[in-house]
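Taking it in order: structure first as structure tokens, then the write-up.
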Amino acid sequence: MTFFDLPLDELSHYLPPRREPADFDTFWQETLNAVRQFPLEARFEPIEYGLRTVESFDVTFHGYGGQPVKGWLLLPAQRSGPLPCVVEYIGYGGGRGFPFEWLTWSSAGFAHLIMDTRGQGSTWRKGDTPDSEPDGANPQVPGFMTRGILDPRTYYYRRVFSDAVRAVEAARAHAAIDPERIAVSGGSQGGGITLAVSGLDASVQAALPDVPFLCHYQRATQITDNFPYQEIVKYCQIHRDKNETVFDTLAYFDGVNFAARAQARALFSVALMDQTCPPSTVFAAYNHYAGPKEIKVWPYNHHEGGESYQTVEKMQFFRELWG
């Protein structure tokens with residue numbers, strides 16, 4: 001695969017106009033107000049998987065519609081005082097798996113809360129949270145990108161982003177976690193969710209979106225043939241009369257619009273050969289990001305991005321942020 005998007009010098013200044021609904025803030029404030037009518041009731045149940053240096057907890061909290069959302073909380077077994085916490089969101093199709101698959105941040109001395117993604121977890125890692133919402137039953141392309149897409153009130157990611165904000169609230173509810181030192185992180189879909197939370201929760205201290213998905217949707221659908229964006233393309237191919245409605249809905253869920261509201265210190269990453277989340281869609285979010293920011297560019301990588309090399313960058317980021 002060769003370079004297919006804009007050259008890096010153009011990407012660095014790529015600042016497309018934002019397609020933003022007039023009631024964007026009202027929509028999300030009303031959504032979160034409705035979610036918070038349900039008690040959070042975060043539960044952390046110790047679970048044994050044979051780990052000796054890490055304590056594992058099976059997490060359940062109430063997300064969108066008061067529905068139960070699962071996760072893991074991992075804590076260093078040896079600790080003193082409240083810990084900074086990394087709340088992590090998962091890539092498209094994956095679930096929370098097992099605690100021993102998530103040892104990096106607890107091994108580095110942080111609390112680590114991993115949120116399961118509702119309805120997902122049957123593609124590449126198991127999940128345990130159903131999508132119980134009965135709304136949004138329009139015909140859809142297999143997957144999640146077009147579930148409920150004809151109305152922002154029924155769109156699938158309204159539920160996911162609400163769950164993600166509640167995951168941060170669940171982390172703050174645990175006595176071992178310093179509520180003033182919360183970072184949100186994730187790759188691909190998890191990166192898009194990270195941007196949403198950073199725009200919705202002003203108290204989050206840091207945001208680390210890697211090769212983020214769910215950004216600059218219309219351009220993405222026009223320059224890549226890769227899934228999951230192709231789910232939207234296929235829907236629009238069949239439902240030719242619904243194209244404007246589709247992108248009107250997606251404007252409420254665009255990482256570019258959340259980035260414009262975010263104030264947390266951010267470390268992005270992008271891969272210039274990434275045809276799943278094209279570089280221009282990542283830079284659109286990065287260049288609109290309102291808070292202090294930096295971006296690590298991986299020129300010859302695809303959607304895997306920096307992988308372990310990016311983890312090294314994150315470690316350095318957290319050393320500077322939290323010592």
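We label chains A, B, ... in the order they appear in the structure tokens, count residues from 1 in each chain, and number ligands from 1 in the order shown.
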Considering only C-alpha atoms, give me a table of residues in range 170-248 of chain A that are at most 12 Å from range 97-118 of chain A, with the closest atom pair and distance in Å for each, as a tab-separated table.
```
residue	atom	partner	partner_atom	distance
A:Ala170	CA	A:Leu113	CA	8.9
A:Ala171	CA	A:Leu113	CA	6.8
A:Arg172	CA	A:Leu113	CA	10.4
A:Ala173	CA	A:Leu113	CA	11.7
A:His174	CA	A:Ala111	CA	10.0
A:Ala175	CA	A:Ala111	CA	11.0
A:Ala176	CA	A:Ala111	CA	7.9
A:Ile177	CA	A:Ala111	CA	6.7
A:Asp178	CA	A:Ala111	CA	9.2
A:Pro179	CA	A:Ala111	CA	11.2
A:Arg181	CA	A:Phe110	CA	10.1
A:Ile182	CA	A:Ala111	CA	9.4
A:Ala183	CA	A:His112	CA	9.6
A:Val184	CA	A:Leu113	CA	9.5
A:Ser185	CA	A:Ile114	CA	9.6
A:Gly186	CA	A:Ile114	CA	9.6
A:Gln189	CA	A:Thr117	CA	9.9
A:Gly190	CA	A:Thr117	CA	9.3
A:Ile193	CA	A:Thr117	CA	10.2
A:Thr194	CA	A:Met115	CA	11.5
```
_When DSSP is applied to the backbone of this structure, which of range 170-318 of chain A are assigned strand (DSSP E or B)? Write them out as a VMD selection string._
chain A and resid 177 to 187 206 to 210 265 to 271 293 to 298
Can you write just those residues out, N, CA and C atoms, as a tab-separated table (two decimals), in the first residue's frame?
```
chain	number	residue	atom	x	y	z
A	177	ILE	N	-8.98	5.25	43.28
A	177	ILE	CA	-8.70	6.10	42.13
A	177	ILE	C	-8.79	7.57	42.51
A	178	ASP	N	-7.80	8.35	42.05
A	178	ASP	CA	-7.80	9.79	42.23
A	178	ASP	C	-8.74	10.40	41.20
A	179	PRO	N	-9.86	10.98	41.60
A	179	PRO	CA	-10.84	11.48	40.63
A	179	PRO	C	-10.33	12.68	39.83
A	180	GLU	N	-9.22	13.29	40.27
A	180	GLU	CA	-8.67	14.43	39.56
A	180	GLU	C	-7.65	14.01	38.50
A	181	ARG	N	-7.33	12.72	38.44
A	181	ARG	CA	-6.32	12.25	37.48
A	181	ARG	C	-6.91	11.11	36.65
A	182	ILE	N	-7.77	11.48	35.71
A	182	ILE	CA	-8.42	10.51	34.84
A	182	ILE	C	-8.01	10.80	33.40
A	183	ALA	N	-7.53	9.77	32.71
A	183	ALA	CA	-7.25	9.86	31.28
A	183	ALA	C	-8.18	8.90	30.54
A	184	VAL	N	-8.53	9.27	29.31
A	184	VAL	CA	-9.31	8.38	28.45
A	184	VAL	C	-8.45	8.02	27.25
A	185	SER	N	-8.59	6.76	26.80
A	185	SER	CA	-7.68	6.28	25.77
A	185	SER	C	-8.36	5.18	24.96
A	186	GLY	N	-7.88	4.97	23.74
A	186	GLY	CA	-8.38	3.88	22.92
A	186	GLY	C	-7.90	4.04	21.49
A	187	GLY	N	-7.96	2.94	20.75
A	187	GLY	CA	-7.55	2.94	19.36
A	187	GLY	C	-8.71	2.67	18.43
A	206	ALA	N	-6.74	14.00	30.52
A	206	ALA	CA	-5.94	13.66	29.36
A	206	ALA	C	-6.73	12.77	28.41
A	207	ALA	N	-6.43	12.89	27.11
A	207	ALA	CA	-7.08	12.09	26.08
A	207	ALA	C	-6.01	11.56	25.14
A	208	LEU	N	-6.06	10.24	24.87
A	208	LEU	CA	-5.06	9.60	24.02
A	208	LEU	C	-5.76	8.78	22.93
A	209	PRO	N	-6.21	9.43	21.86
A	209	PRO	CA	-6.86	8.71	20.76
A	209	PRO	C	-5.84	8.23	19.73
A	210	ASP	N	-5.80	6.94	19.52
A	210	ASP	CA	-4.90	6.36	18.52
A	210	ASP	C	-5.70	6.04	17.26
A	265	ARG	N	-5.48	17.63	27.91
A	265	ARG	CA	-4.21	17.49	27.18
A	265	ARG	C	-4.27	16.20	26.36
A	266	ALA	N	-3.89	16.29	25.08
A	266	ALA	CA	-4.11	15.16	24.18
A	266	ALA	C	-2.82	14.71	23.50
A	267	LEU	N	-2.73	13.39	23.33
A	267	LEU	CA	-1.71	12.77	22.49
A	267	LEU	C	-2.44	11.91	21.46
A	268	PHE	N	-2.41	12.35	20.21
A	268	PHE	CA	-3.00	11.60	19.10
A	268	PHE	C	-1.92	10.74	18.44
A	269	SER	N	-2.37	9.76	17.66
A	269	SER	CA	-1.48	9.09	16.72
A	269	SER	C	-2.22	8.86	15.41
A	270	VAL	N	-1.45	8.82	14.32
A	270	VAL	CA	-2.01	8.64	12.99
A	270	VAL	C	-1.03	7.82	12.16
A	271	ALA	N	-1.56	7.01	11.25
A	271	ALA	CA	-0.72	6.24	10.33
A	271	ALA	C	-1.05	6.68	8.90
A	293	LYS	N	-2.19	19.86	22.65
A	293	LYS	CA	-2.18	18.61	21.88
A	293	LYS	C	-0.84	18.39	21.21
A	294	GLU	N	-0.60	17.12	20.90
A	294	GLU	CA	0.51	16.72	20.06
A	294	GLU	C	0.08	15.45	19.32
A	295	ILE	N	0.76	15.17	18.20
A	295	ILE	CA	0.39	14.00	17.41
A	295	ILE	C	1.66	13.27	16.98
A	296	LYS	N	1.63	11.96	17.10
A	296	LYS	CA	2.72	11.11	16.63
A	296	LYS	C	2.31	10.52	15.29
A	297	VAL	N	3.15	10.75	14.27
A	297	VAL	CA	2.85	10.29	12.91
A	297	VAL	C	3.68	9.06	12.61
A	298	TRP	N	3.00	8.00	12.14
A	298	TRP	CA	3.67	6.76	11.72
A	298	TRP	C	3.54	6.66	10.20
```
*Name the residues of range 19-202 of chain A that fall into alpha helix (DSSP H) according to DSSP on the backbone, using the chain letters and numbers of this document, as an MDAnalysis selection string.*
chainID A and resid 24:35 104:107 156:172 189:200
Quick one: write out the picked residues with N, CA and C atoms as a compact mmCIF listing (two decimals), in the first residue's frame?
```txt
# COMPACT_ATOMS: atom_id res chain seq x y z
N PHE A 24 -26.44 20.80 18.83
CA PHE A 24 -25.47 19.77 19.22
C PHE A 24 -25.31 19.72 20.74
N ASP A 25 -25.00 20.85 21.37
CA ASP A 25 -24.76 20.87 22.81
C ASP A 25 -26.03 20.53 23.60
N THR A 26 -27.15 21.05 23.15
CA THR A 26 -28.41 20.74 23.82
C THR A 26 -28.73 19.26 23.74
N PHE A 27 -28.53 18.68 22.55
CA PHE A 27 -28.79 17.25 22.36
C PHE A 27 -27.98 16.43 23.36
N TRP A 28 -26.70 16.73 23.50
CA TRP A 28 -25.86 15.93 24.38
C TRP A 28 -26.11 16.22 25.86
N GLN A 29 -26.42 17.47 26.18
CA GLN A 29 -26.74 17.77 27.58
C GLN A 29 -28.02 17.05 28.00
N GLU A 30 -29.03 17.07 27.13
CA GLU A 30 -30.29 16.38 27.45
C GLU A 30 -30.07 14.87 27.51
N THR A 31 -29.23 14.35 26.61
CA THR A 31 -28.94 12.91 26.63
C THR A 31 -28.30 12.51 27.95
N LEU A 32 -27.27 13.24 28.37
CA LEU A 32 -26.57 12.87 29.60
C LEU A 32 -27.43 13.12 30.84
N ASN A 33 -28.25 14.16 30.80
CA ASN A 33 -29.17 14.39 31.92
C ASN A 33 -30.12 13.21 32.08
N ALA A 34 -30.62 12.70 30.94
CA ALA A 34 -31.53 11.55 31.00
C ALA A 34 -30.81 10.31 31.51
N VAL A 35 -29.58 10.10 31.07
CA VAL A 35 -28.81 8.95 31.53
C VAL A 35 -28.58 9.02 33.03
N THR A 104 -0.86 -3.65 30.75
CA THR A 104 0.14 -2.58 30.61
C THR A 104 0.01 -1.50 31.67
N TRP A 105 -1.17 -0.90 31.80
CA TRP A 105 -1.26 0.29 32.65
C TRP A 105 -1.22 -0.04 34.13
N SER A 106 -1.80 -1.15 34.54
CA SER A 106 -1.68 -1.53 35.96
C SER A 106 -0.24 -1.90 36.29
N SER A 107 0.50 -2.49 35.34
CA SER A 107 1.91 -2.80 35.56
C SER A 107 2.75 -1.54 35.68
N TYR A 156 -27.04 4.19 17.35
CA TYR A 156 -26.29 3.29 18.23
C TYR A 156 -25.25 4.02 19.08
N TYR A 157 -24.52 4.95 18.49
CA TYR A 157 -23.42 5.57 19.24
C TYR A 157 -23.90 6.58 20.28
N ARG A 158 -25.16 6.95 20.24
CA ARG A 158 -25.69 7.74 21.36
C ARG A 158 -25.61 6.92 22.64
N ARG A 159 -25.91 5.65 22.53
CA ARG A 159 -25.85 4.77 23.69
C ARG A 159 -24.41 4.51 24.11
N VAL A 160 -23.54 4.25 23.12
CA VAL A 160 -22.14 3.94 23.43
C VAL A 160 -21.44 5.13 24.08
N PHE A 161 -21.61 6.33 23.51
CA PHE A 161 -20.94 7.50 24.07
C PHE A 161 -21.46 7.82 25.47
N SER A 162 -22.75 7.60 25.69
CA SER A 162 -23.30 7.79 27.04
C SER A 162 -22.69 6.80 28.01
N ASP A 163 -22.59 5.53 27.60
CA ASP A 163 -21.93 4.52 28.44
C ASP A 163 -20.51 4.96 28.78
N ALA A 164 -19.83 5.53 27.79
CA ALA A 164 -18.42 5.87 27.97
C ALA A 164 -18.24 6.99 29.00
N VAL A 165 -19.14 7.96 29.00
CA VAL A 165 -19.09 9.00 30.04
C VAL A 165 -19.35 8.38 31.40
N ARG A 166 -20.28 7.45 31.47
CA ARG A 166 -20.57 6.79 32.75
C ARG A 166 -19.40 5.92 33.22
N ALA A 167 -18.63 5.39 32.28
CA ALA A 167 -17.45 4.62 32.67
C ALA A 167 -16.46 5.50 33.43
N VAL A 168 -16.29 6.74 32.99
CA VAL A 168 -15.43 7.68 33.71
C VAL A 168 -16.01 7.95 35.10
N GLU A 169 -17.31 8.10 35.18
CA GLU A 169 -17.95 8.32 36.48
C GLU A 169 -17.79 7.11 37.39
N ALA A 170 -17.82 5.92 36.80
CA ALA A 170 -17.60 4.70 37.59
C ALA A 170 -16.18 4.66 38.12
N ALA A 171 -15.22 5.05 37.31
CA ALA A 171 -13.83 5.08 37.77
C ALA A 171 -13.69 6.04 38.95
N ARG A 172 -14.30 7.19 38.84
CA ARG A 172 -14.20 8.18 39.93
C ARG A 172 -14.85 7.68 41.21
N GLN A 189 -12.08 2.61 16.92
CA GLN A 189 -13.34 2.97 17.55
C GLN A 189 -13.09 3.54 18.94
N GLY A 190 -12.17 2.90 19.68
CA GLY A 190 -11.85 3.39 21.02
C GLY A 190 -11.30 4.81 20.99
N GLY A 191 -10.58 5.16 19.92
CA GLY A 191 -10.09 6.53 19.78
C GLY A 191 -11.22 7.50 19.52
N GLY A 192 -12.20 7.09 18.71
CA GLY A 192 -13.36 7.94 18.48
C GLY A 192 -14.17 8.15 19.74
N ILE A 193 -14.33 7.09 20.53
CA ILE A 193 -15.04 7.22 21.81
C ILE A 193 -14.26 8.12 22.74
N THR A 194 -12.93 8.00 22.73
CA THR A 194 -12.08 8.88 23.55
C THR A 194 -12.34 10.34 23.22
N LEU A 195 -12.43 10.68 21.94
CA LEU A 195 -12.70 12.06 21.56
C LEU A 195 -14.08 12.51 22.03
N ALA A 196 -15.07 11.62 21.91
CA ALA A 196 -16.41 11.97 22.37
C ALA A 196 -16.41 12.29 23.85
N VAL A 197 -15.78 11.45 24.65
CA VAL A 197 -15.77 11.67 26.10
C VAL A 197 -14.99 12.93 26.45
N SER A 198 -13.89 13.17 25.75
CA SER A 198 -13.11 14.37 26.06
C SER A 198 -13.89 15.64 25.74
N GLY A 199 -14.82 15.56 24.78
CA GLY A 199 -15.66 16.70 24.48
C GLY A 199 -16.88 16.82 25.37
N LEU A 200 -17.26 15.73 26.01
CA LEU A 200 -18.48 15.72 26.83
C LEU A 200 -18.19 15.87 28.32
```
*Could you give me, as a PyMOL selection string, the residues within 12 Å of range 224-241 of chain A, counting only C-alpha atoms and dropping anything in the same chain fewer than 6 positions from it?*
chain A and resi 4-5+91-93+138-150+188-189+213-218+247+249-250+273-281+302-303
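The residue that comes closest to Thr154 in chain A, out of A:Tyr64, A:Pro130, A:Gln310, A:Leu75 and on the basis of only C-alpha atoms, is A:Tyr64.
Note that CA of Ala290 in chain A and CA of Thr221 in chain A are 25.1 Å apart.
Closest approach to Asp131 in chain A among A:Val246, A:Ala285, A:Ala220, A:Val69: A:Val69, based on only C-alpha atoms.
Picture a line from CA of Arg319 in chain A to CA of Val86 in chain A; it runs 13.3 Å.
Residue neighbourhood of range 40-46 of chain A, excluding near-sequence residues (fewer than 5 positions): Glu55, Ser56, Phe57, Asp58, Val59, Thr60, Phe61, His62, Gly63, Gly66, Leu73, Arg166, Glu169, Ala170 and Ala173 of chain A, at 8 Å, using only C-alpha atoms.
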Give me a file of those residues, with C-alpha atoms, as an mmCIF file, in the first residue's frame.
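The result, stored in result_9.cif:
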```cif
data_model
loop_
_atom_site.group_PDB
_atom_site.id
_atom_site.type_symbol
_atom_site.label_atom_id
_atom_site.label_comp_id
_atom_site.auth_asym_id
_atom_site.auth_seq_id
_atom_site.Cartn_x
_atom_site.Cartn_y
_atom_site.Cartn_z
ATOM 1 C CA GLU A 55 -5.937 -7.074 41.490
ATOM 2 C CA SER A 56 -8.788 -7.709 39.059
ATOM 3 C CA PHE A 57 -12.388 -6.578 39.458
ATOM 4 C CA ASP A 58 -15.442 -7.444 37.386
ATOM 5 C CA VAL A 59 -17.133 -4.067 36.840
ATOM 6 C CA THR A 60 -20.824 -3.389 36.282
ATOM 7 C CA PHE A 61 -22.395 0.069 36.102
ATOM 8 C CA HIS A 62 -25.579 1.551 34.679
ATOM 9 C CA GLY A 63 -25.144 3.252 31.321
ATOM 10 C CA GLY A 66 -30.062 2.403 33.057
ATOM 11 C CA LEU A 73 -10.845 -2.660 36.731
ATOM 12 C CA ARG A 166 -20.574 6.793 32.745
ATOM 13 C CA GLU A 169 -17.954 8.322 36.482
ATOM 14 C CA ALA A 170 -17.600 4.702 37.585
ATOM 15 C CA ALA A 173 -16.489 6.232 42.264
#
```
*Tell me, in Å to one decimal, how far CA of His288 in chain A is from CA of Ala251 in chain A.*
14.7 Å
